[in-house]
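**Q** Just one file: final_20.cif, with mmCIF, C-alpha atoms.
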data_data
#
loop_
_atom_site.label_atom_id
_atom_site.label_comp_id
_atom_site.auth_asym_id
_atom_site.auth_seq_id
_atom_site.Cartn_x
_atom_site.Cartn_y
_atom_site.Cartn_z
CA MET A 53 0.00 0.00 0.00
CA ALA A 54 1.11 3.59 -0.59
CA LYS A 55 0.79 4.54 3.07
CA THR A 56 2.84 2.89 5.79
CA ARG A 57 0.63 0.86 8.06
CA ILE A 58 1.02 1.02 11.83
CA GLN A 59 0.24 -2.49 12.93
CA TRP A 60 -0.92 -1.75 16.45
CA ILE A 61 -3.20 1.05 15.18
CA ASP A 62 -4.84 -1.47 12.85
CA LEU A 63 -5.18 -3.80 15.85
CA VAL A 64 -6.89 -1.10 17.94
CA ARG A 65 -9.17 -0.12 15.06
CA ALA A 66 -10.16 -3.77 14.57
CA ILE A 67 -10.87 -4.18 18.29
CA ALA A 68 -12.87 -0.93 18.25
CA ILE A 69 -15.23 -1.96 15.46
CA LEU A 70 -15.69 -5.46 16.88
CA THR A 71 -16.61 -4.03 20.27
CA VAL A 72 -19.06 -1.58 18.66
CA LEU A 73 -20.77 -4.47 16.87
CA TYR A 74 -20.65 -6.46 20.10
CA ILE A 75 -22.42 -3.83 22.19
CA HIS A 76 -25.04 -3.27 19.49
CA ALA A 77 -25.71 -7.00 19.29
CA THR A 78 -25.94 -7.28 23.08
CA ASP A 79 -28.07 -4.15 23.40
CA GLY A 80 -30.36 -5.42 20.67
CA ILE A 81 -31.07 -8.67 22.48
CA TYR A 82 -31.48 -7.11 25.92
CA ILE A 83 -33.62 -4.21 24.68
CA ILE A 84 -35.98 -6.55 22.83
CA THR A 85 -36.29 -8.80 25.90
CA SER A 86 -36.34 -5.94 28.43
CA ASP A 87 -39.84 -6.91 29.63
CA MET A 88 -38.32 -10.14 30.90
CA ILE A 89 -35.60 -8.47 32.97
CA VAL A 90 -37.04 -9.72 36.26
CA ASN A 91 -36.52 -13.25 34.95
CA TYR A 92 -32.86 -12.77 34.03
CA THR A 93 -30.45 -14.98 35.93
CA LEU A 94 -27.60 -13.36 37.85
CA PRO A 95 -25.01 -14.58 35.28
CA SER A 96 -27.14 -13.07 32.50
CA ARG A 97 -27.24 -9.70 34.27
CA ILE A 98 -23.51 -9.77 34.93
CA PHE A 99 -22.93 -10.63 31.27
CA ASN A 100 -24.99 -7.61 30.26
CA PHE A 101 -23.10 -5.29 32.62
CA ALA A 102 -19.72 -6.66 31.53
CA SER A 103 -20.72 -6.33 27.88
CA LEU A 104 -21.49 -2.64 28.38
CA PHE A 105 -17.92 -2.02 29.53
CA ILE A 106 -16.48 -4.03 26.64
CA GLY A 107 -18.73 -2.29 24.14
CA ARG A 108 -17.94 1.18 25.46
CA ILE A 109 -14.26 0.72 24.63
CA GLY A 110 -14.87 1.09 20.88
CA VAL A 111 -15.62 4.81 20.60
CA PRO A 112 -12.76 5.88 22.93
CA PHE A 113 -10.42 3.74 20.84
CA PHE A 114 -11.57 5.44 17.64
CA LEU A 115 -11.17 8.89 19.23
CA MET A 116 -7.72 8.16 20.63
CA ILE A 117 -6.63 6.89 17.21
CA THR A 118 -7.85 10.23 15.79
CA GLY A 119 -5.74 12.15 18.29
CA TYR A 120 -2.73 9.92 17.70
CA LEU A 121 -2.82 10.32 13.92
CA LEU A 122 -4.13 13.85 13.36
CA LEU A 123 -2.99 16.11 16.19
CA ASP A 124 0.74 15.69 15.73
CA ARG A 125 0.66 17.43 12.34
CA SER A 126 1.39 20.89 11.00
CA TYR A 127 -1.55 22.82 9.57
CA ASP A 128 -1.47 26.11 7.71
CA ASP A 129 -4.33 27.82 5.85
CA ASP A 130 -4.00 25.67 2.74
CA LYS A 131 -3.60 22.41 4.66
CA THR A 132 -6.58 23.28 6.85
CA ARG A 133 -8.82 23.97 3.88
CA HIS A 134 -7.64 20.75 2.24
CA PHE A 135 -8.30 18.81 5.45
CA TRP A 136 -11.80 20.21 5.70
CA ALA A 137 -12.58 19.55 2.02
CA ASN A 138 -11.14 16.05 2.10
CA ASN A 139 -12.56 14.96 5.45
CA VAL A 140 -15.24 17.19 6.93
CA ARG A 141 -17.19 17.82 3.73
CA THR A 142 -17.09 14.13 2.82
CA LEU A 143 -18.24 13.12 6.31
CA ILE A 144 -21.17 15.55 6.13
CA ILE A 145 -22.24 14.13 2.75
CA ILE A 146 -21.90 10.56 4.01
CA THR A 147 -23.91 11.38 7.14
CA VAL A 148 -26.76 12.78 5.05
CA ILE A 149 -26.69 9.79 2.66
CA TRP A 150 -26.72 7.20 5.44
CA THR A 151 -29.41 9.01 7.41
CA ILE A 152 -31.64 8.85 4.33
CA LEU A 153 -30.77 5.18 3.80
CA TYR A 154 -31.67 4.36 7.39
CA VAL A 155 -34.96 6.26 7.20
CA ILE A 156 -35.92 4.32 4.06
CA SER A 157 -34.78 1.01 5.59
CA LEU A 158 -36.79 1.72 8.73
CA GLN A 159 -39.94 2.06 6.65
CA PHE A 160 -39.35 -1.31 4.97
CA VAL A 161 -38.63 -3.05 8.27
CA THR A 162 -41.75 -1.71 9.97
CA VAL A 163 -43.84 -2.79 6.97
CA PHE A 164 -42.49 -6.34 6.72
CA TYR A 165 -42.22 -6.82 10.49
CA ASP A 166 -45.58 -5.54 11.69
CA VAL A 167 -44.83 -6.60 15.26
CA VAL A 168 -41.91 -4.18 15.41
CA ASN A 169 -42.46 -1.05 17.48
CA VAL A 170 -41.59 1.93 15.26
CA SER A 171 -40.13 4.01 18.08
CA GLU A 172 -38.04 1.13 19.40
CA ALA A 173 -36.93 0.23 15.88
CA GLY A 174 -35.88 3.80 15.20
CA THR A 175 -33.81 3.82 18.38
CA LEU A 176 -32.03 0.64 17.29
CA PHE A 177 -31.53 1.87 13.72
CA PHE A 178 -30.05 5.24 14.59
CA SER A 179 -28.28 4.29 17.82
CA HIS A 180 -24.84 4.77 16.26
CA MET A 181 -25.44 7.89 14.15
CA TRP A 182 -24.85 10.28 17.08
CA TYR A 183 -21.16 9.62 16.45
CA MET A 184 -21.19 11.36 13.06
CA PRO A 185 -22.05 14.96 14.13
CA MET A 186 -19.65 14.57 17.05
CA ILE A 187 -16.68 13.49 14.93
CA ILE A 188 -17.47 16.14 12.29
CA GLY A 189 -17.29 18.79 15.01
CA MET A 190 -13.98 17.36 16.22
CA TYR A 191 -12.56 17.37 12.69
CA LEU A 192 -13.55 20.99 12.21
CA SER A 193 -11.51 21.93 15.28
CA MET A 194 -8.60 19.58 14.64
CA PRO A 195 -6.27 22.00 12.77
CA PHE A 196 -6.72 24.70 15.42
CA VAL A 197 -6.12 22.29 18.30
CA ALA A 198 -3.05 20.80 16.58
CA ALA A 199 -1.59 24.28 16.00
CA ALA A 200 -2.22 25.28 19.63
CA LEU A 201 -0.63 22.13 21.06
CA LYS A 202 2.68 22.88 19.33
CA HIS A 203 3.13 25.95 21.54
CA PHE A 204 3.08 24.01 24.79
CA ASP A 205 5.24 21.47 26.55
CA VAL A 206 3.78 17.96 26.73
CA ASP A 207 3.76 18.11 30.53
CA THR A 208 1.67 21.30 30.40
CA ILE A 209 -0.80 19.61 28.05
CA TYR A 210 -1.01 16.65 30.41
CA ARG A 211 -1.73 18.91 33.39
CA ALA A 212 -4.47 20.68 31.45
CA THR A 213 -5.93 17.31 30.48
CA ILE A 214 -6.10 16.32 34.15
CA VAL A 215 -8.04 19.49 34.99
CA PHE A 216 -10.44 19.08 32.06
CA SER A 217 -10.89 15.39 32.89
CA PHE A 218 -11.85 16.34 36.44
CA LEU A 219 -14.55 18.64 35.08
CA ALA A 220 -15.78 16.31 32.34
CA PHE A 221 -15.66 13.01 34.25
CA VAL A 222 -15.27 13.40 38.01
CA VAL A 223 -17.75 16.25 38.60
CA PRO A 224 -20.61 14.49 36.74
CA PHE A 225 -19.75 11.28 38.63
CA VAL A 226 -20.05 13.08 41.97
CA SER A 227 -23.40 14.54 40.88
CA LEU A 228 -24.49 11.03 39.90
CA LEU A 229 -23.58 9.69 43.34
CA PHE A 230 -25.62 12.45 45.00
CA ASP A 231 -28.59 11.55 42.81
CA ILE A 232 -28.29 7.83 43.54
CA PHE A 233 -28.37 8.48 47.29
CA GLY A 234 -31.44 10.70 47.02
CA ILE A 235 -29.79 14.13 47.13
CA GLN A 236 -31.60 15.74 44.24
CA ASP A 237 -30.77 18.67 41.96
CA VAL A 238 -27.06 18.87 42.76
CA ASN A 239 -25.91 20.66 39.63
CA ILE A 240 -22.33 21.93 39.73
CA GLN A 241 -21.94 24.66 37.12
CA TYR A 242 -18.83 24.59 34.96
CA SER A 243 -17.85 25.19 31.35
CA LEU A 244 -15.35 23.26 29.26
CA GLY A 245 -15.19 26.01 26.65
CA PHE A 246 -13.68 24.83 23.37
CA SER A 247 -12.30 21.59 24.80
CA GLY A 248 -14.66 19.16 23.06
CA GLY A 249 -15.79 17.85 26.43
CA ALA A 250 -15.30 14.19 27.24
CA TYR A 251 -14.77 13.25 23.60
CA GLY A 252 -12.08 15.90 23.18
CA ILE A 253 -10.21 14.48 26.17
CA TYR A 254 -10.07 11.04 24.55
CA ILE A 255 -8.55 12.67 21.46
CA ILE A 256 -5.95 14.56 23.53
CA LEU A 257 -5.04 11.32 25.31
CA GLY A 258 -4.30 9.78 21.91
CA TYR A 259 -1.96 12.69 21.22
CA LEU A 260 -0.19 12.19 24.58
CA VAL A 261 0.26 8.51 23.78
CA LYS A 262 1.85 9.55 20.47
CA LYS A 263 4.27 11.74 22.42
CA GLY A 264 5.21 8.78 24.61
CA TYR A 265 4.16 10.54 27.79
CA PHE A 266 2.91 7.37 29.51
CA LYS A 267 5.84 5.07 28.70
CA LYS A 268 7.10 5.62 32.25
CA TYR A 269 4.23 3.50 33.57
CA SER A 270 4.74 -0.25 33.54
CA SER A 271 2.50 -2.49 31.49
CA SER A 272 1.54 -4.41 34.63
CA LYS A 273 0.21 -1.23 36.27
CA LEU A 274 -1.75 -0.33 33.17
CA ALA A 275 -3.20 -3.85 32.96
CA LEU A 276 -4.20 -3.60 36.62
CA LEU A 277 -5.85 -0.22 35.95
CA ALA A 278 -7.86 -1.75 33.08
CA ILE A 279 -8.96 -4.73 35.22
CA ILE A 280 -9.96 -2.53 38.18
CA SER A 281 -11.88 -0.20 35.86
CA PHE A 282 -13.75 -3.18 34.41
CA ILE A 283 -14.64 -4.55 37.85
CA ILE A 284 -15.82 -1.15 39.12
CA CYS A 285 -18.00 -0.62 36.02
CA VAL A 286 -19.66 -4.02 36.47
CA LEU A 287 -20.14 -3.65 40.24
CA PHE A 288 -21.42 -0.07 39.93
CA GLN A 289 -24.03 -1.12 37.37
CA TYR A 290 -25.09 -4.04 39.56
CA TYR A 291 -25.32 -1.81 42.62
CA THR A 292 -27.50 0.76 40.85
CA PHE A 293 -29.67 -2.10 39.55
CA LEU A 294 -30.20 -3.39 43.09
CA ARG A 295 -31.16 0.11 44.21
CA GLY A 296 -33.61 0.41 41.33
CA TYR A 297 -31.72 3.40 39.95
CA ASP A 298 -31.86 3.86 36.17
CA PHE A 299 -28.13 4.18 35.38
CA PHE A 300 -26.81 4.15 31.82
CA LEU A 301 -23.10 3.51 31.36
CA TRP A 302 -21.73 6.07 28.91
CA TYR A 303 -18.41 7.54 27.81
CA GLU A 304 -18.24 10.24 30.50
CA PHE A 305 -18.07 7.57 33.22
CA PRO A 306 -14.55 7.96 34.69
CA PHE A 307 -13.75 4.26 34.68
CA ILE A 308 -14.56 3.97 30.98
CA LEU A 309 -11.96 6.70 30.47
CA LEU A 310 -9.36 4.98 32.65
CA GLY A 311 -10.00 1.48 31.33
CA SER A 312 -10.01 2.38 27.63
CA PHE A 313 -6.94 4.61 27.99
CA ALA A 314 -4.98 1.87 29.80
CA LEU A 315 -5.84 -0.65 27.09
CA PHE A 316 -4.96 1.81 24.32
CA GLU A 317 -1.56 2.53 25.86
CA LEU A 318 -0.95 -1.21 26.26
CA CYS A 319 -1.80 -1.80 22.61
CA SER A 320 0.64 0.95 21.58
CA ARG A 321 3.43 -1.20 23.04
CA VAL A 322 2.67 -4.15 20.77
CA GLU A 323 5.54 -4.38 18.31
CA THR A 324 4.30 -7.17 16.07
CA VAL A 325 0.65 -8.09 15.64
CA LYS A 326 -0.08 -11.77 15.12
CA ALA A 327 -2.34 -12.74 12.21
CA TYR A 328 -1.82 -9.22 10.92
CA ARG A 329 -3.38 -9.77 7.49
CA GLY A 330 -6.69 -10.62 9.11
CA ILE A 331 -6.39 -7.66 11.50
CA GLN A 332 -5.58 -5.37 8.58
CA PHE A 333 -8.70 -6.56 6.76
CA LEU A 334 -10.86 -5.87 9.81
CA SER A 335 -9.26 -2.44 10.17
CA LYS A 336 -9.55 -1.46 6.52
CA TYR A 337 -13.32 -1.89 6.43
CA SER A 338 -13.97 -0.76 10.03
CA PHE A 339 -15.66 2.58 9.29
CA ALA A 340 -17.63 1.09 6.41
CA VAL A 341 -18.89 -1.64 8.74
CA PHE A 342 -19.75 1.01 11.33
CA LEU A 343 -21.99 2.71 8.77
CA ILE A 344 -23.54 -0.50 7.44
CA HIS A 345 -24.07 -2.82 10.38
CA ASN A 346 -27.33 -1.43 11.77
CA LEU A 347 -29.02 -2.21 8.46
CA PHE A 348 -28.69 -5.86 9.49
CA ARG A 349 -29.25 -5.67 13.23
CA LEU A 350 -32.99 -5.08 13.33
CA PRO A 351 -33.95 -7.56 10.57
CA LEU A 352 -31.83 -10.23 12.27
CA LEU A 353 -33.19 -9.65 15.78
CA PRO A 354 -36.61 -11.34 15.33
CA PHE A 355 -34.86 -14.52 14.18
CA VAL A 356 -32.18 -14.60 16.87
CA VAL A 357 -34.34 -13.55 19.82
CA TYR A 358 -36.57 -16.63 19.48
CA LEU A 359 -33.69 -19.11 19.45
CA PRO A 360 -33.88 -21.58 22.36
CA PHE A 361 -30.84 -20.17 24.14
CA SER A 362 -30.07 -17.78 26.98
CA GLU A 363 -29.66 -14.05 26.28
CA PRO A 364 -25.83 -14.14 26.40
CA VAL A 365 -25.71 -16.94 23.83
CA LYS A 366 -28.20 -15.11 21.58
CA ALA A 367 -26.09 -11.95 21.85
CA ILE A 368 -22.93 -13.82 20.80
CA ILE A 369 -24.75 -15.45 17.87
CA LEU A 370 -26.14 -12.09 16.71
CA TRP A 371 -22.69 -10.52 17.05
CA ILE A 372 -21.03 -13.18 14.87
CA VAL A 373 -23.76 -13.01 12.22
CA LEU A 374 -23.60 -9.22 12.30
CA ILE A 375 -19.83 -9.30 11.69
CA ILE A 376 -20.18 -11.66 8.75
CA CYS A 377 -23.05 -9.78 7.08
CA SER A 378 -21.58 -6.32 7.62
CA TYR A 379 -18.12 -7.16 6.33
CA ALA A 380 -19.53 -9.04 3.35
CA ALA A 381 -21.70 -6.03 2.46
CA ALA A 382 -18.76 -3.63 2.92
CA VAL A 383 -16.53 -5.66 0.60
CA ILE A 384 -19.25 -5.86 -2.07
CA ILE A 385 -20.13 -2.15 -1.91
CA TYR A 386 -16.46 -1.16 -1.94
CA ARG A 387 -16.00 -2.94 -5.28
CA ILE A 388 -18.62 -0.71 -6.91
CA PRO A 389 -16.78 2.21 -8.58
CA LYS A 390 -16.84 5.45 -6.50
CA PHE A 391 -18.92 3.87 -3.74
CA GLY A 392 -15.89 3.16 -1.56
CA LYS A 393 -15.04 6.84 -1.21
CA TYR A 394 -18.42 8.51 -1.41
CA ILE A 395 -20.59 5.97 0.42
CA LEU A 396 -18.19 4.20 2.78
CA TYR A 397 -15.53 6.89 3.40
CA MET A 398 -12.75 4.50 2.38
CA ARG A 399 -9.48 5.82 0.98
#
For the structure just supplied, provide its representation as structure tokens.

**A**
Amino acid sequence: MAKTRIQWIDLVRAIAILTVLYIHATDGIYIITSDMIVNYTLPSRIFNFASLFIGRIGVPFFLMITGYLLLDRSYDDDKTRHFWANNVRTLIIITVIWTILYVISLQFVTVFYDVVNVSEAGTLFFSHMWYMPMIIGMYLSMPFVAAALKHFDVDTIYRATIVFSFLAFVVPFVSLLFDIFGIQDVNIQYSLGFSGGAYGIYIILGYLVKKGYFKKYSSSKLALLAIISFIICVLFQYYTFLRGYDFFLWYEFPFILLGSFALFELCSRVETVKAYRGIQFLSKYSFAVFLIHNLFRLPLLPFVVYLPFSEPVKAIILWIVLIICSYAAAVIIYRIPKFGKYILYMR
């Protein structure tokens, strides 16, 4: 290929898309069977809670890759305009195209599956499209952020990241704890300005990994941080469930930040990726699969949900089928002239 591949980046990108498909498969099964939640076994609940942590790794991985690859560059007026034309404009067009495709597909699904709830189906269909406006906004700011970072020492950037992380992750977590324990309306006012909020912090962390700032920490400590973050996420979800509190694990949860960062830094230390050709294939079509996969999720759900297995087994089956169908569709569409670039955002 014309561009030099970074093997561990391909590995992270492959993991990211597989975890995104995994959480959407798991969510699909558990949302459809949500009326049966009182009948779930303890292992089934723990599987669901663990799956939410695993699935929430994907987006932080994608964002940290963005910071790693795009922030350590030089941008002038011409390069910025080229970046916007080549990336932002194309992403906007692709977002519009795929929104239209999903709206049309939703109509067909609700016609052929008359038992499908339209509102619920729409939620499942568009559950991943929130990512597109967010990443477009990040790309618009990327040249300015990259130019600003060059004027500061890496240690200064790290210190600022700590402060912003406190505001974006710790403060909301404290407010959440107050709410869980019945102390209502605790709303700490703060502003993150032009930081990009929680998503911007993931991108900056990718940049700091590129600068080698965290190499001083041993791999064993990072692995321990990832394991502890996983355990806390699972136990916290189970605790809120027992209290009857409606908690939704999302990317601003501090232990998603810590766990995904630790795993990303660990991956950056991998020198040679085993079975790299397969990993490279998964990585190459990752964004295309991200765009495509929800076209298959809802039509497949009615078939998988009635299989005579437990919810975890159904989720794994749906995940595997979703991977196969989405990658097959991506490969076929990519071979159609112009579709790779203008429909799938593949270079």

**Q** Which residue gives the smallest distance to Pro351 in chain A among A:Phe160, A:Phe288, A:Tyr386, A:Phe225, with only C-alpha atoms counted?

**A** A:Phe160

**Q** Of the candidates A:Phe361, A:Phe101, A:Tyr74, A:Phe266, which one gets nearest to Thr292 in chain A if we count only C-alpha atoms?

**A**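 Ranked by minimum distance to Thr292 in chain A, first place goes to A:Phe101.
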
**Q** For the provided coordinates, the residues matched by the PyMOL selection byres ((chain A and resi 378) around 8) should be stated as a ChimeraX atom specification.

**A** /A:341,344-345,348,374-377,379-382

**Q** Which residue, A:Arg295, A:His76, A:Lys267, A:Lys336, has the smallest gap to Ala367 in chain A when you use only C-alpha atoms?

**A**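 Counting only C-alpha atoms, the residue closest to Ala367 in chain A is A:His76.
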
**Q** Find the residue from A:Lys262, A:Arg321, A:Arg399, A:Lys326 that sits nearest to Ala340 in chain A; use only C-alpha atoms when measuring.

**A** A:Arg399

**Q** Give the answer as one residue: which of A:Trp371, A:Tyr154, A:Phe316, A:Tyr191 has the shortest atom-to-atom distance to Arg141 in chain A, using all atoms listed in the file?

**A**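 Checking each candidate against Arg141 in chain A, we get A:Tyr191 as the closest.
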
**Q** Ranking A:Phe342, A:Tyr303, A:Tyr254, A:Trp60 by minimum distance to Leu73 in chain A and counting all atoms listed in the file, which one comes first?

**A**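 Closest to Leu73 in chain A, using all atoms listed in the file: A:Phe342.
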
**Q** Report, in Å with one decimal, the straight-line distance from CA of Tyr259 in chain A to CA of Leu123 in chain A.

**A** 6.2 Å

**Q** So which residues get picked by the PyMOL selection byres ((chain A and resi 105) around 12) here, written as a PyMOL selection string?

**A** chain A and resi 71-72+74-75+78+98-104+106-112+278-289+300-303+305-312

**Q** Just the residues within 12 Å of Pro389 in chain A, please, counting only C-alpha atoms, with nothing from its chain fewer than 6 positions along; format it as an NGL selection string.

**A** :A and (395-396 or 398)

**Q** How would the residues just picked look written out with C-alpha atoms as a short mmCIF file (atom, residue, chain, number, x, y, z; two decimals), keeping the file's coordinate frame?

**A**
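So the final result, stored in selection.cif, reads:
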data_model
loop_
_atom_site.label_atom_id
_atom_site.label_comp_id
_atom_site.auth_asym_id
_atom_site.auth_seq_id
_atom_site.Cartn_x
_atom_site.Cartn_y
_atom_site.Cartn_z
CA ILE A 395 -20.59 5.97 0.42
CA LEU A 396 -18.19 4.20 2.78
CA MET A 398 -12.75 4.50 2.38
#

**Q** One decimal, in Å: what's the spacing between CA of Phe221 in chain A and CA of Ala199 in chain A?

**A**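 These atoms are spaced 25.7 Å apart.
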
**Q** Translate the PyMOL selection byres ((chain A and resi 216-219) around 9), as applied to the file shown, into an explicit residue set as a compact mmCIF listing (two decimals) with C-alpha atoms, in the frame of the given file.

**A**
# COMPACT_ATOMS: atom_id res chain seq x y z
CA ARG A 211 -1.73 18.91 33.39
CA ALA A 212 -4.47 20.68 31.45
CA THR A 213 -5.93 17.31 30.48
CA ILE A 214 -6.10 16.32 34.15
CA VAL A 215 -8.04 19.49 34.99
CA ALA A 220 -15.78 16.31 32.34
CA PHE A 221 -15.66 13.01 34.25
CA VAL A 222 -15.27 13.40 38.01
CA VAL A 223 -17.75 16.25 38.60
CA PRO A 224 -20.61 14.49 36.74
CA TYR A 242 -18.83 24.59 34.96
CA SER A 243 -17.85 25.19 31.35
CA LEU A 244 -15.35 23.26 29.26
CA SER A 247 -12.30 21.59 24.80
CA GLY A 249 -15.79 17.85 26.43
CA ALA A 250 -15.30 14.19 27.24
CA ILE A 253 -10.21 14.48 26.17
CA PRO A 306 -14.55 7.96 34.69

**Q** With all atoms listed in the file as the counted atoms, please give the residues lying no more than 12 Å from Asp231 in chain A, apart from itself and same-chain residues fewer than 4 positions off, as a ChimeraX atom specification.

**A** /A:224-227,235-239,292,295,297-299

**Q** Just C-alpha atoms for this one: save the residues we selected as a short mmCIF file (atom, residue, chain, number, x, y, z; two decimals), in the coordinates of the input.

**A**
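Resulting contents of result.cif:
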data_model
loop_
_atom_site.label_atom_id
_atom_site.label_comp_id
_atom_site.auth_asym_id
_atom_site.auth_seq_id
_atom_site.Cartn_x
_atom_site.Cartn_y
_atom_site.Cartn_z
CA PRO A 224 -20.61 14.49 36.74
CA PHE A 225 -19.75 11.28 38.63
CA VAL A 226 -20.05 13.08 41.97
CA SER A 227 -23.40 14.54 40.88
CA ILE A 235 -29.79 14.13 47.13
CA GLN A 236 -31.60 15.74 44.24
CA ASP A 237 -30.77 18.67 41.96
CA VAL A 238 -27.06 18.87 42.76
CA ASN A 239 -25.91 20.66 39.63
CA THR A 292 -27.50 0.76 40.85
CA ARG A 295 -31.16 0.11 44.21
CA TYR A 297 -31.72 3.40 39.95
CA ASP A 298 -31.86 3.86 36.17
CA PHE A 299 -28.13 4.18 35.38
#

**Q** Using only C-alpha atoms, what residues lie at most 9 Å away from (-9.4, 1.4, 8.4) (file coordinates), given as a compact mmCIF listing (two decimals) with C-alpha atoms, in the frame of the given file?

**A**
# COMPACT_ATOMS: atom_id res chain seq x y z
CA ASP A 62 -4.84 -1.47 12.85
CA ARG A 65 -9.17 -0.12 15.06
CA ALA A 66 -10.16 -3.77 14.57
CA GLN A 332 -5.58 -5.37 8.58
CA PHE A 333 -8.70 -6.56 6.76
CA LEU A 334 -10.86 -5.87 9.81
CA SER A 335 -9.26 -2.44 10.17
CA LYS A 336 -9.55 -1.46 6.52
CA TYR A 337 -13.32 -1.89 6.43
CA SER A 338 -13.97 -0.76 10.03
CA PHE A 339 -15.66 2.58 9.29
CA ALA A 340 -17.63 1.09 6.41
CA MET A 398 -12.75 4.50 2.38
CA ARG A 399 -9.48 5.82 0.98

**Q** Would you kindly return, as number ranges by chain, each protein, DNA or RNA residue with an atom no farther than 10 Å from any atom of range 130-139 of chain A, considering only C-alpha atoms and excluding same-chain residues fewer than 3 positions away?

**A** A: 126-127, 142-144, 188, 191-196, 397

**Q** Quick check, in Å to one decimal: how far apart do CA of Thr324 in chain A and CA of Leu121 in chain A lie?

**A**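 Computed distance, CA of Thr324 in chain A to CA of Leu121 in chain A, equals 19.0 Å.
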
**Q** Please provide as a ChimeraX atom specification all residues within 9 Å of Leu274 in chain A, with the sequence filter that same-chain residues fewer than 6 positions apart are discarded (counting all atoms listed in the file).

**A** /A:311,313-315,317-318

**Q** Selection from above, C-alpha atoms, as a tab-separated table (two decimals), keeping the file's coordinate frame, can you write it?

**A**
chain	number	residue	atom	x	y	z
A	311	GLY	CA	-10.00	1.48	31.33
A	313	PHE	CA	-6.94	4.61	27.99
A	314	ALA	CA	-4.98	1.87	29.80
A	315	LEU	CA	-5.84	-0.65	27.09
A	317	GLU	CA	-1.56	2.53	25.86
A	318	LEU	CA	-0.95	-1.21	26.26

**Q** Could you give me, as a list of chain:residue names, the residues within 10 Å of Ile61 in chain A, counting all atoms listed in the file and dropping anything in the same chain fewer than 2 positions from it?

**A**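 Here the answer would be A:Arg57, A:Ile58, A:Gln59, A:Leu63, A:Val64, A:Arg65, A:Ala66, A:Ile67, A:Phe113, A:Phe114, A:Ile117, A:Tyr120, A:Leu121, A:Phe316, A:Cys319, A:Ser320, A:Val322, A:Val325, A:Ile331, A:Gln332, A:Ser335.
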